[in-house]
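Below is the file upload-v5.tsv, which contains TSV, C-alpha atoms and all ligand atoms.
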chain	number	residue	atom	x	y	z
A	84	MET	CA	-131.22	-55.81	32.26
A	85	LYS	CA	-128.85	-53.90	34.55
A	86	LYS	CA	-125.84	-56.17	34.49
A	87	LEU	CA	-124.73	-59.20	32.47
A	88	THR	CA	-121.52	-61.04	33.37
A	89	PHE	CA	-119.61	-63.34	31.03
A	90	VAL	CA	-117.37	-65.98	32.61
A	91	GLY	CA	-115.08	-66.80	29.68
A	92	ALA	CA	-113.95	-64.44	26.94
A	93	GLY	CA	-113.47	-66.82	24.02
A	94	SER	CA	-115.03	-66.97	20.58
A	95	MET	CA	-118.57	-67.72	21.80
A	96	ALA	CA	-118.53	-64.93	24.41
A	97	GLU	CA	-117.20	-62.50	21.82
A	98	ALA	CA	-119.84	-63.50	19.24
A	99	MET	CA	-122.59	-62.90	21.82
A	100	ILE	CA	-121.14	-59.58	23.02
A	101	SER	CA	-120.78	-58.39	19.45
A	102	GLY	CA	-124.30	-59.56	18.50
A	103	MET	CA	-126.00	-57.99	21.52
A	104	LEU	CA	-124.21	-54.65	21.10
A	105	LYS	CA	-124.88	-54.47	17.35
A	106	SER	CA	-128.57	-55.15	18.02
A	107	ASN	CA	-128.67	-52.58	20.85
A	108	LEU	CA	-130.10	-55.24	23.16
A	109	ILE	CA	-127.95	-54.01	26.04
A	110	GLU	CA	-125.61	-51.07	26.62
A	111	LYS	CA	-121.89	-51.79	26.70
A	112	ASN	CA	-121.44	-50.43	30.23
A	113	LYS	CA	-123.84	-53.12	31.53
A	114	ILE	CA	-121.66	-55.97	30.26
A	115	TRP	CA	-118.86	-57.42	32.44
A	116	VAL	CA	-116.37	-59.98	31.17
A	117	THR	CA	-113.71	-62.13	32.80
A	118	ASN	CA	-111.48	-65.01	31.74
A	119	GLN	CA	-109.00	-67.31	33.43
A	120	LYS	CA	-105.61	-65.72	32.76
A	121	ASP	CA	-105.32	-64.15	29.31
A	122	HIS	CA	-105.07	-60.45	30.33
A	123	ASN	CA	-104.23	-59.35	26.79
A	124	LYS	CA	-107.39	-60.95	25.40
A	125	LEU	CA	-109.49	-59.28	28.07
A	126	MET	CA	-107.88	-55.90	27.31
A	127	ARG	CA	-108.56	-56.40	23.61
A	128	ILE	CA	-112.24	-57.22	24.27
A	129	SER	CA	-112.54	-54.13	26.47
A	130	ARG	CA	-110.92	-51.95	23.80
A	131	ASP	CA	-112.96	-53.36	20.89
A	132	TYR	CA	-116.39	-53.36	22.55
A	133	GLY	CA	-116.11	-50.85	25.40
A	134	VAL	CA	-117.35	-53.43	27.94
A	135	ASN	CA	-116.13	-53.73	31.55
A	136	THR	CA	-113.54	-56.35	32.41
A	137	SER	CA	-112.33	-57.54	35.80
A	138	TYR	CA	-110.78	-60.40	37.77
A	139	ASP	CA	-112.45	-59.26	41.00
A	140	LEU	CA	-115.26	-61.77	41.60
A	141	LYS	CA	-117.21	-59.47	43.92
A	142	GLU	CA	-117.14	-56.66	41.35
A	143	LEU	CA	-118.09	-59.06	38.54
A	144	PHE	CA	-121.10	-60.66	40.20
A	145	SER	CA	-122.59	-58.11	42.61
A	146	ASN	CA	-126.07	-57.13	41.36
A	147	ALA	CA	-125.72	-59.14	38.13
A	148	ASP	CA	-129.09	-60.10	36.61
A	149	ALA	CA	-127.56	-62.86	34.49
A	150	VAL	CA	-124.31	-64.79	34.27
A	151	ILE	CA	-123.19	-66.46	31.05
A	152	LEU	CA	-121.00	-69.55	31.47
A	153	ALA	CA	-118.74	-69.48	28.39
A	154	MET	CA	-115.64	-71.47	29.32
A	155	LYS	CA	-114.72	-74.85	27.76
A	156	PRO	CA	-116.70	-77.76	29.24
A	157	LYS	CA	-113.48	-79.22	30.73
A	158	ASP	CA	-112.98	-75.99	32.75
A	159	ALA	CA	-116.59	-75.77	33.95
A	160	ALA	CA	-116.28	-77.64	37.25
A	161	ALA	CA	-113.34	-75.53	38.45
A	162	ALA	CA	-114.86	-72.27	37.19
A	163	ILE	CA	-118.32	-72.81	38.68
A	164	THR	CA	-116.87	-73.92	42.00
A	165	LEU	CA	-114.80	-70.77	42.08
A	166	ILE	CA	-117.74	-68.43	41.44
A	167	ARG	CA	-120.61	-70.26	43.17
A	168	GLU	CA	-120.52	-68.29	46.42
A	169	TYR	CA	-121.20	-65.13	44.37
A	170	LEU	CA	-124.25	-66.59	42.59
A	171	THR	CA	-127.57	-65.62	44.15
A	172	GLU	CA	-131.04	-67.05	43.62
A	173	ASP	CA	-132.28	-63.99	41.74
A	174	MET	CA	-129.62	-64.44	39.03
A	175	LEU	CA	-130.28	-66.18	35.73
A	176	ILE	CA	-127.51	-68.61	34.75
A	177	ILE	CA	-127.05	-69.08	31.01
A	178	SER	CA	-124.75	-71.89	29.93
A	179	VAL	CA	-123.39	-72.43	26.42
A	180	LEU	CA	-121.25	-75.35	27.64
A	181	ALA	CA	-121.62	-78.26	25.23
A	182	GLY	CA	-122.58	-81.48	26.97
A	183	ILE	CA	-123.00	-80.14	30.52
A	184	SER	CA	-126.51	-80.81	31.78
A	185	ILE	CA	-128.66	-78.42	33.77
A	186	SER	CA	-128.56	-80.96	36.60
A	187	SER	CA	-124.71	-80.91	36.60
A	188	ILE	CA	-124.78	-77.11	36.82
A	189	GLU	CA	-127.26	-77.34	39.71
A	190	THR	CA	-124.91	-79.83	41.41
A	191	LEU	CA	-121.87	-77.61	40.90
A	192	THR	CA	-123.55	-74.43	42.11
A	193	GLY	CA	-125.23	-76.23	45.01
A	194	LYS	CA	-128.08	-73.71	44.71
A	195	SER	CA	-131.60	-73.58	43.37
A	196	LEU	CA	-131.08	-71.25	40.41
A	197	ALA	CA	-132.87	-70.40	37.18
A	198	ILE	CA	-130.69	-72.12	34.56
A	199	VAL	CA	-130.75	-71.90	30.77
A	200	ARG	CA	-128.74	-74.30	28.62
A	201	ALA	CA	-128.12	-73.21	25.03
A	202	MET	CA	-126.50	-75.01	22.11
A	203	PRO	CA	-125.35	-72.47	19.51
A	204	ASN	CA	-123.06	-73.33	16.60
A	205	THR	CA	-119.90	-71.87	15.19
A	206	SER	CA	-121.76	-69.60	12.72
A	207	ALA	CA	-122.53	-67.44	15.80
A	208	ALA	CA	-119.28	-65.65	14.87
A	209	ILE	CA	-121.07	-64.15	11.82
A	210	GLY	CA	-124.50	-63.79	13.44
A	211	LYS	CA	-125.89	-66.91	11.72
A	212	SER	CA	-126.01	-69.49	14.51
A	213	ALA	CA	-128.84	-72.00	14.80
A	214	THR	CA	-129.28	-72.08	18.59
A	215	ALA	CA	-131.49	-74.42	20.60
A	216	ILE	CA	-132.35	-73.44	24.17
A	217	ALA	CA	-133.57	-75.52	27.12
A	218	VAL	CA	-134.57	-74.18	30.53
A	219	ASN	CA	-135.25	-75.48	34.04
A	220	LYS	CA	-138.47	-74.85	35.97
A	221	LYS	CA	-137.08	-71.79	37.75
A	222	VAL	CA	-136.76	-69.78	34.53
A	223	THR	CA	-139.63	-67.29	34.24
A	224	ASP	CA	-141.44	-66.38	31.01
A	225	HIS	CA	-139.84	-62.93	31.17
A	226	GLN	CA	-136.37	-64.50	31.44
A	227	LYS	CA	-137.19	-66.84	28.53
A	228	THR	CA	-138.08	-63.82	26.39
A	229	ILE	CA	-134.80	-62.09	27.27
A	230	VAL	CA	-132.74	-65.21	26.55
A	231	LYS	CA	-134.42	-65.75	23.18
A	232	GLN	CA	-133.70	-62.12	22.27
A	233	MET	CA	-130.05	-62.58	23.30
A	234	PHE	CA	-129.51	-65.63	21.11
A	235	GLU	CA	-131.44	-64.05	18.24
A	236	THR	CA	-128.70	-61.42	18.09
A	237	ILE	CA	-126.38	-64.23	16.87
A	238	GLY	CA	-128.87	-65.96	14.55
A	239	LEU	CA	-131.96	-68.13	14.90
A	240	ALA	CA	-133.03	-69.28	18.38
A	241	THR	CA	-135.63	-71.85	19.37
A	242	PHE	CA	-136.70	-73.61	22.59
A	243	VAL	CA	-136.43	-77.40	22.94
A	244	GLU	CA	-136.64	-79.91	25.79
A	245	GLU	CA	-133.24	-80.58	27.36
A	246	GLU	CA	-133.38	-84.25	26.23
A	247	GLN	CA	-133.40	-82.99	22.62
A	248	LEU	CA	-130.12	-81.08	22.94
A	249	ASP	CA	-127.98	-84.12	22.00
A	250	ALA	CA	-129.96	-84.41	18.76
A	251	VAL	CA	-129.55	-80.67	18.17
A	252	THR	CA	-125.80	-81.06	18.74
A	253	GLY	CA	-125.67	-83.88	16.17
A	254	LEU	CA	-127.76	-81.93	13.66
A	255	SER	CA	-127.02	-78.21	13.80
A	256	GLY	CA	-124.19	-78.10	16.37
A	257	SER	CA	-121.92	-80.17	14.14
A	258	GLY	CA	-123.90	-79.19	11.02
A	259	PRO	CA	-121.55	-76.50	9.67
A	260	ALA	CA	-118.76	-79.12	9.51
A	261	TYR	CA	-120.93	-81.45	7.41
A	262	ILE	CA	-121.48	-78.64	4.92
A	263	TYR	CA	-117.75	-77.80	4.87
A	264	TYR	CA	-117.08	-81.49	4.18
A	265	LEU	CA	-119.48	-81.39	1.23
A	266	VAL	CA	-117.79	-78.25	-0.10
A	267	GLU	CA	-114.37	-79.96	0.22
A	268	ALA	CA	-115.66	-82.77	-2.01
A	269	MET	CA	-117.13	-80.29	-4.52
A	270	GLU	CA	-113.82	-78.39	-4.62
A	271	LYS	CA	-111.82	-81.58	-5.21
A	272	SER	CA	-114.15	-82.59	-8.02
A	273	ALA	CA	-113.92	-79.12	-9.57
A	274	VAL	CA	-110.16	-79.45	-9.93
A	275	GLU	CA	-110.52	-82.96	-11.39
A	276	ILE	CA	-113.01	-81.76	-14.01
A	277	GLY	CA	-110.71	-78.94	-15.06
A	278	LEU	CA	-111.96	-75.86	-13.19
A	279	GLU	CA	-109.75	-73.34	-11.45
A	280	ARG	CA	-110.01	-73.78	-7.63
A	281	GLN	CA	-110.76	-70.16	-6.65
A	282	MET	CA	-113.41	-69.65	-9.31
A	283	ALA	CA	-114.94	-73.05	-8.47
A	284	LYS	CA	-115.16	-72.06	-4.79
A	285	GLN	CA	-117.13	-68.95	-5.73
A	286	LEU	CA	-119.53	-71.03	-7.83
A	287	ILE	CA	-119.96	-73.60	-5.04
A	288	VAL	CA	-120.58	-71.03	-2.29
A	289	GLN	CA	-123.07	-69.11	-4.43
A	290	THR	CA	-124.81	-72.41	-5.21
A	291	LEU	CA	-125.09	-73.11	-1.46
A	292	LEU	CA	-126.38	-69.61	-0.74
A	293	GLY	CA	-128.95	-69.86	-3.54
A	294	ALA	CA	-130.14	-73.30	-2.42
A	295	ALA	CA	-130.34	-72.13	1.22
A	296	GLU	CA	-132.41	-69.12	0.19
A	297	MET	CA	-134.69	-71.29	-1.95
A	298	LEU	CA	-135.25	-73.57	1.06
A	299	THR	CA	-136.04	-70.52	3.21
A	300	LYS	CA	-138.35	-68.77	0.77
A	301	SER	CA	-140.09	-71.66	-0.98
A	302	SER	CA	-142.93	-73.58	0.64
A	303	LYS	CA	-141.80	-76.69	-1.24
A	304	ALA	CA	-140.06	-79.61	0.49
A	305	PRO	CA	-136.36	-80.18	-0.38
A	306	GLU	CA	-137.27	-83.41	-2.16
A	307	GLU	CA	-139.72	-81.53	-4.40
A	308	LEU	CA	-137.16	-78.81	-5.16
A	309	ARG	CA	-134.62	-81.51	-6.04
A	310	LYS	CA	-137.06	-83.33	-8.31
A	311	GLU	CA	-137.91	-80.08	-10.09
A	312	VAL	CA	-134.29	-79.66	-11.22
A	313	THR	CA	-133.86	-83.34	-12.11
A	314	SER	CA	-135.10	-83.91	-15.65
A	315	PRO	CA	-135.26	-87.47	-16.98
A	316	GLY	CA	-132.03	-88.39	-18.76
A	317	GLY	CA	-130.41	-85.11	-17.68
A	318	THR	CA	-127.15	-84.28	-15.91
A	319	THR	CA	-128.60	-83.92	-12.39
A	320	GLU	CA	-130.29	-87.31	-12.63
A	321	ALA	CA	-127.02	-88.89	-13.71
A	322	GLY	CA	-125.18	-87.27	-10.78
A	323	ILE	CA	-127.83	-88.09	-8.15
A	324	LYS	CA	-127.87	-91.72	-9.31
A	325	VAL	CA	-124.18	-91.99	-8.37
A	326	LEU	CA	-124.95	-90.51	-4.92
A	327	GLU	CA	-127.76	-93.03	-4.46
A	328	ASP	CA	-125.58	-95.94	-5.64
A	329	HIS	CA	-123.07	-94.91	-2.94
A	330	GLY	CA	-125.77	-94.59	-0.24
A	331	VAL	CA	-124.86	-90.94	0.42
A	332	GLN	CA	-128.24	-89.99	1.91
A	333	HIS	CA	-128.09	-93.00	4.21
A	334	ALA	CA	-124.51	-92.05	5.18
A	335	PHE	CA	-125.67	-88.54	6.16
A	336	ILE	CA	-128.46	-89.99	8.30
A	337	SER	CA	-125.99	-92.35	10.03
A	338	CYS	CA	-123.55	-89.46	10.49
A	339	ILE	CA	-126.12	-87.33	12.33
A	340	LYS	CA	-127.26	-90.29	14.47
A	341	GLU	CA	-123.67	-91.12	15.40
A	342	ALA	CA	-122.88	-87.49	16.29
A	343	THR	CA	-126.03	-87.49	18.49
A	344	GLU	CA	-124.88	-90.69	20.24
A	345	GLN	CA	-121.41	-89.21	20.74
A	346	SER	CA	-122.97	-86.11	22.30
A	347	LYS	CA	-124.86	-88.41	24.74
A	348	ARG	CA	-121.67	-90.36	25.54
A	349	LEU	CA	-119.61	-87.19	26.11
A	350	GLY	CA	-122.43	-85.70	28.21
A	351	SER	CA	-122.54	-88.79	30.48
A	352	MET	CA	-118.75	-88.73	30.85
A	353	LEU	CA	-118.84	-85.06	31.86
A	354	SER	CA	-121.71	-85.71	34.30
A	355	SER	CA	-119.80	-88.59	35.96
A	356	GLU	CA	-116.66	-86.44	36.18
A	357	ILE	CA	-118.67	-83.63	37.76
A	358	GLU	CA	-120.23	-86.02	40.30
A	359	THR	CA	-116.73	-87.11	41.37
A	360	VAL	CA	-115.36	-83.55	41.58
A	361	LYS	CA	-118.25	-81.89	43.38
A	362	GLN	CA	-115.73	-80.13	45.60
A	363	PRO	CA	-112.77	-79.28	43.31
A	364	THR	CA	-109.89	-77.27	44.70
A	365	LEU	CA	-110.38	-73.57	44.17
A	366	LYS	CA	-108.07	-71.79	41.70
B	1	LIG	N1	-117.17	-71.59	19.63
B	1	LIG	C1	-118.28	-72.14	19.18
B	1	LIG	O1	-118.61	-72.05	18.00
B	1	LIG	C2	-119.20	-72.87	20.13
B	1	LIG	C3	-120.37	-73.50	19.62
B	1	LIG	C4	-121.23	-74.14	20.53
B	1	LIG	C5	-120.94	-74.16	21.88
B	1	LIG	N2	-119.79	-73.55	22.32
B	1	LIG	C6	-119.48	-73.62	23.75
B	1	LIG	O2	-119.05	-72.36	24.20
B	1	LIG	C7	-118.10	-72.53	25.24
B	1	LIG	C8	-116.93	-71.61	24.97
B	1	LIG	O3	-116.34	-72.00	23.74
B	1	LIG	P1	-115.28	-71.05	23.02
B	1	LIG	O4	-115.07	-71.63	21.67
B	1	LIG	O5	-115.68	-69.63	23.18
B	1	LIG	O6	-113.99	-71.34	23.95
B	1	LIG	P2	-112.61	-70.54	24.02
B	1	LIG	O7	-112.48	-69.64	22.85
B	1	LIG	O8	-111.55	-71.55	24.30
B	1	LIG	O9	-112.79	-69.63	25.33
B	1	LIG	C9	-112.89	-70.18	26.61
B	1	LIG	C10	-112.80	-69.05	27.59
B	1	LIG	O10	-113.04	-69.56	28.91
B	1	LIG	C11	-112.11	-68.93	29.78
B	1	LIG	N3	-111.97	-69.70	31.04
B	1	LIG	C12	-111.48	-70.93	31.24
B	1	LIG	N4	-111.50	-71.22	32.57
B	1	LIG	C13	-112.04	-70.15	33.20
B	1	LIG	C14	-112.29	-69.83	34.56
B	1	LIG	N5	-112.00	-70.67	35.56
B	1	LIG	N6	-112.83	-68.62	34.85
B	1	LIG	C15	-113.11	-67.74	33.86
B	1	LIG	N7	-112.88	-67.98	32.55
B	1	LIG	C16	-112.35	-69.18	32.22
B	1	LIG	C17	-110.84	-68.88	28.97
B	1	LIG	O11	-109.93	-67.97	29.57
B	1	LIG	P3	-108.34	-68.00	29.21
B	1	LIG	O12	-108.22	-67.72	27.75
B	1	LIG	O13	-107.79	-66.92	30.07
B	1	LIG	O14	-107.86	-69.39	29.58
B	1	LIG	C18	-111.43	-68.36	27.64
B	1	LIG	O15	-111.64	-66.97	27.70
B	1	LIG	C19	-117.72	-74.00	25.27
B	1	LIG	O16	-118.23	-74.60	26.44
B	1	LIG	C20	-118.34	-74.58	24.03
B	1	LIG	O17	-118.85	-75.87	24.29
B	1	LIG	C21	-118.92	-72.92	21.48
As structure tokens, what does this structure read like?
Amino acid sequence: MKKLTFVGAGSMAEAMISGMLKSNLIEKNKIWVTNQKDHNKLMRISRDYGVNTSYDLKELFSNADAVILAMKPKDAAAAITLIREYLTEDMLIISVLAGISISSIETLTGKSLAIVRAMPNTSAAIGKSATAIAVNKKVTDHQKTIVKQMFETIGLATFVEEEQLDAVTGLSGSGPAYIYYLVEAMEKSAVEIGLERQMAKQLIVQTLLGAAEMLTKSSKAPEELRKEVTSPGGTTEAGIKVLEDHGVQHAFISCIKEATEQSKRLGSMLSSEIETVKQPTLK
């Protein structure tokens, strides 16, 4: 790739820039970055990563092979309208915008472009995202390979159908927060049962890491692994019984379904807004 342009210089853009440079997927002088107004942030990104930064749209987009849309979804309509005259049909558009469909991006650009829509999660910041990727028909196999490599620099990446992205959002997009919520509960209990908070946190995090690694390395299903550590009349059985009495597994299932529905609702709202602002005023 000769040139890759980021529109948006926030946490997701920075995670991707950092991941791609660390993995030597692209040289720093081939990356261009812009944002809306935060000059200091752009200068800091340029200083830290040695990438090019600019507010000159012609300079940013001329001869770019790919453009990454990395602004907040609420800013997408204005940003895409501003840049669309610089987008050409040989460019690959990669969007990380939560909830904005490929069709909405096609509407906003008003062009027939190869478009990729990715749903990473917040663990991208430490190179551990679980990213799902959907593409439109214009994306070539070669472009798919490049995009997968890009997202693999910030964690795991897998292709899905676009219709599945709401489910991915409900499962792994919001997933880190569910785990943090569980850890909050474990920390509260630790204090109540007489453990010191900091030491308890270390035990909890190591327990999570160990369980995650077991799930990665073992061929056994989670249910089997759980049953193996649950001896009759033992402590784990007593604890799990309380979780079952409270319907905790059912609550988790409902939580993920509700997050998926909310992703669908937010997506439809954004699509309707985009349909009504097809021609927003330029910045
Ligand atoms: N962060 C995550 O973990 C995560 C996970 C999944 C998906 N995402 C998606 O990634 C996208 C970015 O999220 P983020 O957390 O990185 O957001 P962020 O930190 O708020 O950064 C947004 C960036 O977009 C820039 N921007 C806004 N309007 C613009 C315009 N018209 N032209 C150019 N740049 C513009 C902002 O510039 P200024 O600062 O100058 O205003 C800022 O640099 C979102 O759509 C989000 O849905 C993020």
Check every protein, DNA and RNA residue against ligand LIG 1 (chain B), keep those with an atom at most 6 Å away (counting all atoms listed in the file), and present them as an mmCIF file with C-alpha atoms, in the coordinates of the input.
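Output (part.cif):
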data_model
loop_
_atom_site.group_PDB
_atom_site.id
_atom_site.type_symbol
_atom_site.label_atom_id
_atom_site.label_comp_id
_atom_site.auth_asym_id
_atom_site.auth_seq_id
_atom_site.Cartn_x
_atom_site.Cartn_y
_atom_site.Cartn_z
ATOM 1 C CA VAL A 90 -117.370 -65.980 32.610
ATOM 2 C CA GLY A 91 -115.080 -66.800 29.680
ATOM 3 C CA ALA A 92 -113.950 -64.440 26.940
ATOM 4 C CA GLY A 93 -113.470 -66.820 24.020
ATOM 5 C CA SER A 94 -115.030 -66.970 20.580
ATOM 6 C CA MET A 95 -118.570 -67.720 21.800
ATOM 7 C CA ALA A 96 -118.530 -64.930 24.410
ATOM 8 C CA THR A 117 -113.710 -62.130 32.800
ATOM 9 C CA ASN A 118 -111.480 -65.010 31.740
ATOM 10 C CA GLN A 119 -109.000 -67.310 33.430
ATOM 11 C CA LYS A 120 -105.610 -65.720 32.760
ATOM 12 C CA ASP A 121 -105.320 -64.150 29.310
ATOM 13 C CA ALA A 153 -118.740 -69.480 28.390
ATOM 14 C CA MET A 154 -115.640 -71.470 29.320
ATOM 15 C CA LYS A 155 -114.720 -74.850 27.760
ATOM 16 C CA PRO A 156 -116.700 -77.760 29.240
ATOM 17 C CA ASP A 158 -112.980 -75.990 32.750
ATOM 18 C CA ALA A 161 -113.340 -75.530 38.450
ATOM 19 C CA ALA A 162 -114.860 -72.270 37.190
ATOM 20 C CA VAL A 179 -123.390 -72.430 26.420
ATOM 21 C CA LEU A 180 -121.250 -75.350 27.640
ATOM 22 C CA ALA A 181 -121.620 -78.260 25.230
ATOM 23 C CA MET A 202 -126.500 -75.010 22.110
ATOM 24 C CA PRO A 203 -125.350 -72.470 19.510
ATOM 25 C CA ASN A 204 -123.060 -73.330 16.600
ATOM 26 C CA THR A 205 -119.900 -71.870 15.190
#
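Between CA of Glu279 in chain A and CA of Leu291 in chain A lies a distance of 18.3 Å.
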Report task. May I ask for the distance between CA of Gln226 in chain A and CA of Gly182 in chain A, given in Å to one decimal place? Result -> 22.3 Å
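Taking only C-alpha atoms into account, Phe335 in chain A lies nearest to A:Ile262 out of the set A:Leu349, A:Ile163, A:Ala295, A:Ile262.
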Query raised in the report: Rounded to one decimal in Å, what is the spacing between CA of Thr290 in chain A and CA of Glu270 in chain A?
Result: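 Answer for the CA of Thr290 in chain A to CA of Glu270 in chain A separation: 12.5 Å.
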